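What follows is a single structure, written as structure tokens, with notes after it.
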Amino acid sequence: MRHGVGHWSSTGTVRSVIRSIADSRVLVAREDDRVVGAVSLQTKKPWAIDLRYFTRATRALYLVDMRVDPARQGHAIGRRLIEEAVAVARAWPADAIRLDAYESPAGAGAFYAKCGFTEVGRAVYRTVPLVYFERFV
């Protein structure tokens with residue numbers, strides 16, 4: 001796994017996937033008949049998000065889960081999922097996408113910055129720095 005193993009990279013359970021589908025808009029990347037990536041957006045603020053760090057966006061969506069098949073990382077699947085998430089947010093309508101990412105050798109913070117998200121704050125969770133990101137759409 002390119003982004004390593006940690007509490008942020010557990011294997012999804014059937015229960016967690018069903019809950020995510022029920023609470024979120026899930027976008028899926030496919031190659032032929034294989035799912036190679038997915039991103040989940042929701043209007044409900046996740047518990048780990050501390051709103052003190054964010055701007056006063058009035059209709060934010062939260063990117064709560066993103067996965068790309070480790071064998072397909074580095075092939076622009078994640079970037080395309082983010083761009084589709086931005087399009088969905090504009091149509092929702094929402095004015096921003098917010099997320100948190102871990103800053104560690106296995107974290108995805110640099111990826112989100114490359115995708116146009118701006119760092120707006122930092123915290124620490126389970127001894128790992130947590131970075132809050134926001135992107136206006």
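Just remember, in the structure tokens the first chain shown is A, the second B, etc., residues are 1-based per chain, and ligands are 1-based in the order shown.
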
| task | Write out as a ChimeraX atom specification all residues of chain A that backbone DSSP assigns to strand (DSSP E or B). | result | /A:25-31,34-42,60-68,96-102,118-125,128-136

Could the residues in this selection be saved with C-alpha atoms as a JSON list (two decimals), in the first residue's frame?
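Written out: out.json:
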[["chain", "number", "residue", "atom", "x", "y", "z"],
["A", 25, "ARG", "CA", -23.04, 10.59, -2.22],
["A", 26, "VAL", "CA", -20.53, 7.96, -3.30],
["A", 27, "LEU", "CA", -18.63, 8.41, -6.57],
["A", 28, "VAL", "CA", -16.98, 5.33, -8.03],
["A", 29, "ALA", "CA", -14.09, 5.01, -10.48],
["A", 30, "ARG", "CA", -14.19, 1.89, -12.66],
["A", 31, "GLU", "CA", -11.88, 0.22, -15.10],
["A", 34, "ARG", "CA", -13.49, -3.40, -11.57],
["A", 35, "VAL", "CA", -13.93, -0.67, -8.97],
["A", 36, "VAL", "CA", -10.54, 1.05, -8.64],
["A", 37, "GLY", "CA", -11.49, 4.04, -6.51],
["A", 38, "ALA", "CA", -14.26, 5.78, -4.63],
["A", 39, "VAL", "CA", -14.92, 9.03, -2.82],
["A", 40, "SER", "CA", -17.76, 9.82, -0.40],
["A", 41, "LEU", "CA", -19.28, 13.27, 0.13],
["A", 42, "GLN", "CA", -21.79, 14.20, 2.80],
["A", 60, "ALA", "CA", -20.06, 22.92, 2.75],
["A", 61, "LEU", "CA", -19.78, 19.28, 1.80],
["A", 62, "TYR", "CA", -17.40, 16.97, 3.61],
["A", 63, "LEU", "CA", -15.15, 14.51, 1.84],
["A", 64, "VAL", "CA", -15.29, 11.70, 4.38],
["A", 65, "ASP", "CA", -13.68, 8.78, 2.61],
["A", 66, "MET", "CA", -11.47, 8.31, -0.42],
["A", 67, "ARG", "CA", -9.92, 5.09, -1.62],
["A", 68, "VAL", "CA", -7.86, 4.20, -4.66],
["A", 96, "ALA", "CA", -16.89, 24.35, -0.48],
["A", 97, "ILE", "CA", -15.54, 20.86, 0.15],
["A", 98, "ARG", "CA", -13.86, 20.26, 3.51],
["A", 99, "LEU", "CA", -11.75, 17.34, 4.70],
["A", 100, "ASP", "CA", -9.11, 16.24, 7.13],
["A", 101, "ALA", "CA", -5.98, 14.28, 6.27],
["A", 102, "TYR", "CA", -3.12, 12.91, 8.30],
["A", 118, "THR", "CA", -5.94, 24.88, 0.93],
["A", 119, "GLU", "CA", -4.67, 24.00, 4.37],
["A", 120, "VAL", "CA", -6.75, 25.89, 6.95],
["A", 121, "GLY", "CA", -5.60, 24.39, 10.24],
["A", 122, "ARG", "CA", -3.89, 21.62, 12.17],
["A", 123, "ALA", "CA", -4.62, 19.42, 15.16],
["A", 124, "VAL", "CA", -3.23, 16.17, 16.57],
["A", 125, "TYR", "CA", -5.19, 12.92, 16.67],
["A", 128, "VAL", "CA", -0.44, 11.96, 14.32],
["A", 129, "PRO", "CA", -0.77, 15.52, 12.97],
["A", 130, "LEU", "CA", -4.16, 16.09, 11.37],
["A", 131, "VAL", "CA", -4.44, 18.75, 8.66],
["A", 132, "TYR", "CA", -7.73, 20.41, 7.74],
["A", 133, "PHE", "CA", -8.24, 21.30, 4.09],
["A", 134, "GLU", "CA", -10.88, 23.28, 2.23],
["A", 135, "ARG", "CA", -11.56, 23.94, -1.43],
["A", 136, "PHE", "CA", -14.11, 26.41, -2.69]]

| message | Report as a VMD selection string all protein, DNA and RNA residues lying within 10 Å of Phe111 (chain A), evaluated on only C-alpha atoms, omitting residues in the same chain fewer than 4 positions from it. | response | chain A and resid 78 to 79 101 107 115 to 117

| task | One decimal, Å: what's the distance from CA of Ser24 (chain A) over to CA of Ile82 (chain A), could you say? | result |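 Computed distance, CA of Ser24 (chain A) to CA of Ile82 (chain A), equals 15.0 Å.
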
| said: According to DSSP computed on the backbone, where in chain A is there helix (DSSP H, G or I)? Give the residues as a PyMOL selection string. | reply: chain A and resi 14-23+51-53+70-72+77-91+109-114
